[in-house]
$ cat query.tsv   # TSV, C-alpha atoms
chain	number	residue	atom	x	y	z
A	1	MET	CA	86.99	44.21	81.95
A	2	ARG	CA	88.86	44.69	85.20
A	3	ARG	CA	92.19	44.36	83.36
A	4	LEU	CA	91.18	46.80	80.66
A	5	PHE	CA	89.86	49.37	83.12
A	6	PRO	CA	91.82	49.04	86.38
A	7	SER	CA	90.04	52.03	87.89
A	8	PRO	CA	86.64	52.56	86.27
A	9	LEU	CA	85.87	55.73	88.27
A	10	LEU	CA	89.03	57.44	87.03
A	11	SER	CA	88.25	56.39	83.44
A	12	LEU	CA	84.76	57.82	83.74
A	13	ALA	CA	86.07	61.09	85.20
A	14	LEU	CA	88.63	61.42	82.39
A	15	VAL	CA	86.01	60.87	79.69
A	16	ALA	CA	83.73	63.49	81.25
A	17	LEU	CA	86.66	65.90	81.70
A	18	TRP	CA	87.80	65.61	78.09
A	19	LEU	CA	84.31	66.14	76.71
A	20	LEU	CA	83.74	69.16	78.95
A	21	LEU	CA	87.15	70.67	78.15
A	22	ASN	CA	86.46	70.51	74.42
A	23	ASN	CA	82.86	71.55	74.87
A	24	SER	CA	81.78	69.35	71.99
A	25	PHE	CA	80.25	65.91	71.82
A	26	GLY	CA	81.15	64.92	68.26
A	27	LEU	CA	82.25	61.42	67.32
A	28	GLY	CA	85.94	62.38	67.20
A	29	GLN	CA	85.87	63.85	70.70
A	30	TRP	CA	84.05	60.78	72.02
A	31	LEU	CA	86.72	58.51	70.52
A	32	MET	CA	89.53	60.64	71.95
A	33	ALA	CA	87.80	60.73	75.36
A	34	LEU	CA	87.41	56.95	75.38
A	35	LEU	CA	91.04	56.50	74.33
A	36	LEU	CA	92.19	58.75	77.20
A	37	GLY	CA	89.84	57.07	79.64
A	38	TRP	CA	91.36	53.73	78.76
A	39	LEU	CA	95.02	54.65	78.27
A	40	VAL	CA	95.72	57.06	81.13
A	41	PRO	CA	94.53	54.87	84.05
A	42	TRP	CA	96.32	51.93	82.45
A	43	LEU	CA	99.63	53.82	82.05
A	44	THR	CA	99.54	55.43	85.50
A	45	HIS	CA	98.44	52.26	87.28
A	46	SER	CA	101.81	51.79	88.98
A	47	LEU	CA	101.70	55.36	90.33
A	48	ARG	CA	98.65	54.51	92.43
A	49	PRO	CA	99.83	51.73	94.70
A	50	THR	CA	96.65	51.41	96.77
A	51	PRO	CA	93.39	50.93	94.93
A	52	VAL	CA	90.66	53.45	95.78
A	53	ARG	CA	87.81	51.84	97.66
A	54	PHE	CA	85.02	54.35	97.51
A	55	SER	CA	81.75	53.91	99.34
A	56	HIS	CA	78.97	56.07	100.78
A	57	PRO	CA	78.56	58.58	97.92
A	58	TRP	CA	76.03	60.52	100.01
A	59	VAL	CA	78.57	61.07	102.77
A	60	ALA	CA	80.99	62.26	100.09
A	61	LEU	CA	78.41	64.69	98.71
A	62	ARG	CA	77.69	66.04	102.19
A	63	LEU	CA	81.42	66.43	102.82
A	64	PHE	CA	81.75	68.29	99.51
A	65	PHE	CA	79.12	70.85	100.50
A	66	GLN	CA	80.49	71.06	104.04
A	67	VAL	CA	83.93	71.95	102.64
A	68	GLY	CA	82.35	74.51	100.32
A	69	ARG	CA	80.62	76.18	103.26
A	70	ASP	CA	83.77	76.10	105.39
A	71	VAL	CA	85.80	77.68	102.59
A	72	LEU	CA	83.35	80.62	102.61
A	73	VAL	CA	83.41	80.93	106.42
A	74	TRP	CA	87.21	80.77	106.58
A	75	ASN	CA	87.57	83.25	103.72
A	76	TRP	CA	85.60	85.72	105.77
A	77	ARG	CA	87.64	85.03	108.93
A	78	VAL	CA	91.01	85.36	107.15
A	79	LEU	CA	89.83	88.53	105.39
A	80	LYS	CA	88.77	90.03	108.74
A	81	GLY	CA	92.06	89.01	110.33
A	82	THR	CA	94.05	90.45	107.44
A	83	VAL	CA	92.51	93.91	107.60
A	84	ALA	CA	92.14	94.00	111.41
A	85	PRO	CA	93.86	96.84	113.32
A	86	ALA	CA	97.43	96.06	114.35
A	87	ASP	CA	96.58	95.09	117.94
A	88	LYS	CA	93.86	92.66	116.86
A	89	VAL	CA	95.79	90.81	114.15
A	90	PRO	CA	95.40	87.09	114.91
A	91	GLN	CA	98.36	85.12	116.15
A	92	GLY	CA	98.90	81.94	114.20
A	93	GLY	CA	100.55	78.81	115.46
A	94	PHE	CA	101.04	75.10	115.01
A	95	VAL	CA	98.74	72.42	116.34
A	96	VAL	CA	99.23	68.66	116.33
A	97	VAL	CA	96.14	66.74	115.27
A	98	PRO	CA	96.04	63.06	116.26
A	99	LEU	CA	94.84	61.01	113.30
A	100	ASP	CA	92.75	57.85	113.10
A	101	LEU	CA	92.52	57.87	109.31
A	102	ARG	CA	95.13	55.57	107.75
A	103	ASP	CA	94.05	55.12	104.14
A	104	PRO	CA	96.53	57.00	101.89
A	105	ASN	CA	93.78	58.09	99.48
A	106	GLY	CA	91.72	59.47	102.34
A	107	LEU	CA	94.77	61.30	103.68
A	108	ALA	CA	95.39	62.78	100.23
A	109	VAL	CA	91.84	64.14	100.17
A	110	LEU	CA	92.28	65.47	103.72
A	111	ALA	CA	95.48	67.24	102.63
A	112	ALA	CA	93.66	68.82	99.68
A	113	ILE	CA	90.82	69.98	101.95
A	114	MET	CA	93.18	71.50	104.50
A	115	CYS	CA	95.08	73.36	101.79
A	116	VAL	CA	92.07	74.69	99.92
A	117	ILE	CA	90.46	76.02	103.11
A	118	PRO	CA	92.17	79.31	104.00
A	119	GLY	CA	93.38	79.42	107.58
A	120	THR	CA	94.81	75.91	107.80
A	121	ILE	CA	98.00	74.63	106.24
A	122	TRP	CA	98.95	70.99	106.20
A	123	SER	CA	102.59	71.05	107.30
A	124	GLU	CA	103.74	67.62	108.28
A	125	LEU	CA	102.48	64.06	108.55
A	126	ALA	CA	104.04	61.56	110.95
A	127	LEU	CA	105.60	58.60	109.16
A	128	ASP	CA	103.25	56.15	110.88
A	129	ARG	CA	100.31	58.44	109.97
A	130	SER	CA	99.35	58.82	113.62
A	131	ALA	CA	99.61	62.61	113.80
A	132	LEU	CA	99.45	65.68	111.61
A	133	LEU	CA	101.06	69.08	112.06
A	134	VAL	CA	98.82	71.94	110.97
A	135	HIS	CA	99.49	75.66	110.97
A	136	MET	CA	96.42	77.62	112.03
A	137	PHE	CA	95.83	81.24	111.06
A	138	ASP	CA	93.94	81.97	114.25
A	139	MET	CA	94.87	80.23	117.51
A	140	ASP	CA	91.97	81.66	119.55
A	141	ASP	CA	90.39	78.28	120.17
A	142	ALA	CA	92.87	75.72	118.93
A	143	GLN	CA	91.31	72.70	120.65
A	144	ALA	CA	87.92	73.43	119.09
A	145	GLU	CA	89.53	73.60	115.66
A	146	ILE	CA	91.26	70.26	116.19
A	147	ASP	CA	87.94	68.70	117.17
A	148	LEU	CA	86.34	70.28	114.11
A	149	ILE	CA	88.97	68.85	111.75
A	150	LYS	CA	88.53	65.40	113.28
A	151	HIS	CA	84.77	65.52	113.37
A	152	ARG	CA	83.96	67.30	110.11
A	153	TYR	CA	86.59	65.97	107.73
A	154	GLU	CA	88.33	62.95	109.18
A	155	ARG	CA	85.25	60.98	110.20
A	156	PRO	CA	83.43	61.26	106.84
A	157	LEU	CA	86.69	60.41	105.04
A	158	MET	CA	87.06	57.29	107.19
A	159	GLU	CA	83.52	56.28	106.27
A	160	ILE	CA	84.19	56.87	102.58
A	161	PHE	CA	87.62	55.28	102.21
A	162	GLU	CA	87.83	52.62	104.94
B	1	MET	CA	81.13	94.17	78.03
B	2	SER	CA	79.33	94.10	74.74
B	3	GLY	CA	76.36	96.04	76.05
B	4	ASN	CA	73.70	93.77	74.59
B	5	LEU	CA	72.93	92.02	77.87
B	6	ALA	CA	70.18	92.90	80.31
B	7	TRP	CA	71.18	95.02	83.32
B	8	TRP	CA	70.11	92.28	85.73
B	9	ILE	CA	72.83	90.08	84.22
B	10	GLU	CA	75.52	92.75	84.02
B	11	ILE	CA	75.16	94.05	87.58
B	12	PRO	CA	75.64	90.70	89.36
B	13	VAL	CA	78.56	89.91	87.03
B	14	ALA	CA	80.17	93.26	87.81
B	15	LEU	CA	79.59	92.80	91.57
B	16	LEU	CA	81.14	89.34	91.50
B	17	LEU	CA	84.20	90.67	89.68
B	18	VAL	CA	84.63	93.55	92.13
B	19	LEU	CA	84.19	91.19	95.10
B	20	SER	CA	86.81	88.90	93.64
B	21	GLY	CA	89.17	91.85	93.18
B	22	LEU	CA	88.69	92.89	96.81
B	23	PHE	CA	89.57	89.44	98.10
B	24	ALA	CA	92.61	89.23	95.84
B	25	LEU	CA	93.69	92.67	97.08
B	26	ALA	CA	93.25	91.52	100.70
B	27	ALA	CA	95.43	88.52	99.89
B	28	GLY	CA	98.19	90.85	98.70
B	29	VAL	CA	97.77	93.14	101.73
B	30	GLY	CA	98.06	90.12	104.02
B	31	VAL	CA	101.35	89.03	102.48
B	32	VAL	CA	102.78	92.51	103.11
B	33	ARG	CA	101.32	92.94	106.61
B	34	PHE	CA	102.13	89.63	108.25
B	35	LYS	CA	105.68	89.13	109.40
B	36	THR	CA	106.16	85.38	109.71
B	37	PHE	CA	106.41	82.90	106.87
B	38	PHE	CA	103.58	80.61	107.93
B	39	GLN	CA	101.20	83.46	108.73
B	40	ARG	CA	101.95	84.81	105.26
B	41	MET	CA	100.87	81.55	103.67
B	42	HIS	CA	97.25	82.04	104.74
B	43	PRO	CA	96.08	85.20	102.89
B	44	PRO	CA	96.95	83.96	99.37
B	45	ALA	CA	94.40	81.22	100.00
B	46	LEU	CA	91.76	83.95	99.64
B	47	ALA	CA	92.88	84.51	96.06
B	48	TYR	CA	92.67	80.91	94.96
B	49	SER	CA	89.49	80.03	96.84
B	50	PHE	CA	86.77	82.66	97.10
B	51	ALA	CA	88.26	85.17	94.61
B	52	ALA	CA	88.66	82.44	92.00
B	53	TRP	CA	85.14	81.18	92.67
B	54	CYS	CA	83.71	84.66	92.10
B	55	VAL	CA	85.48	85.14	88.76
B	56	THR	CA	84.38	81.70	87.63
B	57	LEU	CA	80.79	82.29	88.70
B	58	ALA	CA	80.82	85.64	86.89
B	59	SER	CA	82.09	84.00	83.72
B	60	ILE	CA	79.46	81.25	83.97
B	61	VAL	CA	76.65	83.80	84.39
B	62	TYR	CA	77.97	86.06	81.62
B	63	PHE	CA	78.59	83.42	78.99
B	64	SER	CA	75.43	81.50	79.86
B	65	ALA	CA	73.43	84.67	79.21
B	66	GLN	CA	75.37	85.54	76.08
B	67	ASP	CA	75.14	82.12	74.42
B	68	ASP	CA	71.70	81.24	75.85
B	69	LYS	CA	72.93	77.95	77.27
B	70	LEU	CA	74.42	76.88	80.56
B	71	ALA	CA	78.22	77.35	80.29
B	72	LEU	CA	79.36	75.33	83.29
B	73	ARG	CA	82.66	74.57	81.64
B	74	SER	CA	84.54	77.27	83.57
B	75	TRP	CA	83.96	75.29	86.74
B	76	LEU	CA	86.73	73.00	85.52
B	77	ILE	CA	89.14	75.82	86.45
B	78	ILE	CA	88.08	75.50	90.08
B	79	ILE	CA	88.48	71.73	89.98
B	80	PHE	CA	91.99	71.94	88.51
B	81	LEU	CA	92.92	74.74	90.92
B	82	SER	CA	91.76	72.69	93.91
B	83	LEU	CA	93.80	69.73	92.66
B	84	THR	CA	97.04	71.63	92.02
B	85	VAL	CA	97.08	74.20	94.84
B	86	PRO	CA	97.73	71.64	97.62
B	87	VAL	CA	100.87	70.47	95.80
B	88	THR	CA	102.56	73.89	95.92
B	89	THR	CA	101.20	74.74	99.37
B	90	ILE	CA	102.54	71.57	100.97
B	91	LEU	CA	105.82	71.89	99.08
B	92	LEU	CA	106.31	75.43	100.43
B	93	ALA	CA	105.38	74.49	104.00
B	94	ARG	CA	107.65	71.43	103.98
B	95	THR	CA	110.55	73.43	102.53
B	96	GLU	CA	110.29	76.13	105.19
B	97	LEU	CA	110.04	73.60	108.02
B	98	PHE	CA	113.07	71.74	106.69
B	99	ARG	CA	115.09	74.90	106.15
B	100	ARG	CA	114.36	76.28	109.60
B	101	ARG	CA	115.07	73.01	111.37
B	102	THR	CA	118.38	72.39	109.65
B	103	ALA	CA	119.71	75.93	109.23
B	104	GLY	CA	117.89	77.75	112.02
B	105	GLY	CA	117.12	81.39	111.39
B	106	GLY	CA	113.70	82.98	111.32
B	107	SER	CA	112.64	86.42	112.50
B	108	GLY	CA	112.82	85.66	116.25
B	109	ARG	CA	109.38	87.23	116.72
B	110	SER	CA	106.88	85.59	119.01
B	111	GLY	CA	104.73	83.16	117.09
B	112	ASP	CA	107.60	82.36	114.75
B	113	GLU	CA	108.80	79.27	116.58
B	114	ILE	CA	109.05	76.03	114.63
B	115	PRO	CA	107.71	72.96	116.46
B	116	PRO	CA	109.82	69.82	116.86
B	117	ALA	CA	109.60	67.36	114.00
B	118	LEU	CA	106.97	64.62	114.09
B	119	ASN	CA	109.53	62.38	112.37
B	120	GLN	CA	112.73	62.90	114.34
B	121	GLU	CA	114.70	60.57	112.11
B	122	LEU	CA	113.95	62.70	109.05
B	123	ILE	CA	114.45	66.06	110.80

$ encode --input "query.tsv" --output "structure tokens"
Amino acid sequence: MRRLFPSPLLSLALVALWLLLNNSFGLGQWLMALLLGWLVPWLTHSLRPTPVRFSHPWVALRLFFQVGRDVLVWNWRVLKGTVAPADKVPQGGFVVVPLDLRDPNGLAVLAAIMCVIPGTIWSELALDRSALLVHMFDMDDAQAEIDLIKHRYERPLMEIFE
Amino acid sequence: MSGNLAWWIEIPVALLLVLSGLFALAAGVGVVRFKTFFQRMHPPALAYSFAAWCVTLASIVYFSAQDDKLALRSWLIIIFLSLTVPVTTILLARTELFRRRTAGGGSGRSGDEIPPALNQELI
């Protein structure tokens, strides 16, 4: 079973994705979904060098909703900054965030979160994964933002992936 | 719109679409207004986060009402968008950092300084 389905979660996600994309649950679609769910993880196995160890689904769910809320908050802040009068336009800048998270899958999720949230751009990761360079839209309280990134995103990701 | 839907469906759908348009417009305004590359990278995020969410939500509400069943399928757009956007964003940021560190340049404005590399050996 383990050899047939090297990453069962990915297989499950692919089956669900295929069925939803086609919006039909006929026998043919089920067969195609199962074929994809088996073949794709098997073929791309060598592209994913570290296996995903996923635990604490509730922490993951909370993180998901936290990110959703932060996307809304940051959308509002970036919108305000964009249409602000010329003398109040926020000054952006780079901050270095020290990292404790080492798992490559966790870091990938962190990168996705930082990119989807407006106002932060993941710019550079140190080779030893000890630090991260982030461009912030608004540098008003940079230290607070660093603490927020570490507390809100990095800690749950460490719980989930490590 | 086809005109056979109740007003309490059509009005929220219309509002969501207008809201999405406003955020997308703000994204465009931001790209024109800001002067430095990295500051310019932030406003387009409005278009692919909240603006995209609004259009998707509008389509879910509209087609759910039209077909009398929950049409959550459009949410896949958001999932794919969230998976693919980081690739281009990081690629752009990395390219600009690399270009500026090797070739110099930039506008010379305040706030347009590029920090030293975290990986000195790679530039």

$ atom_distance --input "query.tsv" --atom1 "CA of Arg69 (chain A)" --atom2 "CA of Ile79 (chain B)"
16.1 Å

$ closest_residue --input "query.tsv" --among "A:Ala86, A:Ala112, A:Leu36, A:Met158" --to "Pro86 (chain B)" --atoms "only C-alpha atoms"
A:Ala112

$ closest_residue --input "query.tsv" --among "B:Thr36, B:Tyr62, B:Asp67, B:Cys54" --to "Glu113 (chain B)" --atoms "only C-alpha atoms"
B:Thr36

$ interface_residues --input "query.tsv" --of "chain A" --to "chain B" --cutoff "6 Å" --atoms "all atoms listed in the file" --output "ChimeraX atom specification"
/A:75,82,112,115,118-119,123,126

$ closest_residue --input "query.tsv" --among "B:Phe37, B:Phe80, B:Leu15, B:Leu5" --to "Leu57 (chain B)" --atoms "only C-alpha atoms"
B:Leu15

$ residues_near_point --input "query.tsv" --point "(88.0, 63.3, 105.0)" --cutoff "8 Å" --atoms "all atoms listed in the file" --output "PDB file with C-alpha atoms, in the coordinates of the input"
ATOM      1  CA  LEU A  63      81.420  66.430 102.820  1.00  0.00           C
ATOM      2  CA  GLY A 106      91.720  59.470 102.340  1.00  0.00           C
ATOM      3  CA  LEU A 107      94.770  61.300 103.680  1.00  0.00           C
ATOM      4  CA  VAL A 109      91.840  64.140 100.170  1.00  0.00           C
ATOM      5  CA  LEU A 110      92.280  65.470 103.720  1.00  0.00           C
ATOM      6  CA  ILE A 113      90.820  69.980 101.950  1.00  0.00           C
ATOM      7  CA  ARG A 152      83.960  67.300 110.110  1.00  0.00           C
ATOM      8  CA  TYR A 153      86.590  65.970 107.730  1.00  0.00           C
ATOM      9  CA  GLU A 154      88.330  62.950 109.180  1.00  0.00           C
ATOM     10  CA  ARG A 155      85.250  60.980 110.200  1.00  0.00           C
ATOM     11  CA  PRO A 156      83.430  61.260 106.840  1.00  0.00           C
ATOM     12  CA  LEU A 157      86.690  60.410 105.040  1.00  0.00           C
ATOM     13  CA  MET A 158      87.060  57.290 107.190  1.00  0.00           C
ATOM     14  CA  ILE A 160      84.190  56.870 102.580  1.00  0.00           C
TER      15      ILE A 160
END

$ atom_distance --input "query.tsv" --atom1 "CA of Ala103 (chain B)" --atom2 "CA of Glu124 (chain A)"
18.0 Å

$ residues_around --input "query.tsv" --residues "Pro12 (chain B)" --least-positions-apart "3" --cutoff "10 Å" --atoms "all atoms listed in the file" --output "list in words"
Trp7, Trp8, Ile9, Leu15, Leu16, Leu17, Val18, Leu57, Ala58, Val61 and Tyr62 of chain B

$ closest_residue --input "query.tsv" --among "B:Glu10, B:Pro116, B:Ile78, B:Arg100" --to "Ala52 (chain B)" --atoms "all atoms listed in the file"
B:Ile78

$ atom_distance --input "query.tsv" --atom1 "CA of Gly37 (chain A)" --atom2 "CA of Lys69 (chain B)"
27.0 Å

$ axis_aligned_box --input "query.tsv" --around "region 102-120 of chain A" --padding-each-side "6 Å" --output "JSON"
{"center_x": 93.5, "center_y": 67.3, "center_z": 103.6, "size_x": 18.1, "size_y": 36.3, "size_z": 20.3}

$ residues_around --input "query.tsv" --residues "Val97 (chain A)" --least-positions-apart "4" --cutoff "10 Å" --atoms "all atoms listed in the file" --output "list in words"
Leu125, Ser130, Ala131, Leu132, Leu133, Val134, Gln143, Glu145, Ile146, Asp147, Ile149 and Lys150 of chain A

$ closest_residue --input "query.tsv" --among "A:Trp30, A:Phe94, A:Trp74, A:Phe137" --to "Ile117 (chain A)" --atoms "only C-alpha atoms"
A:Trp74
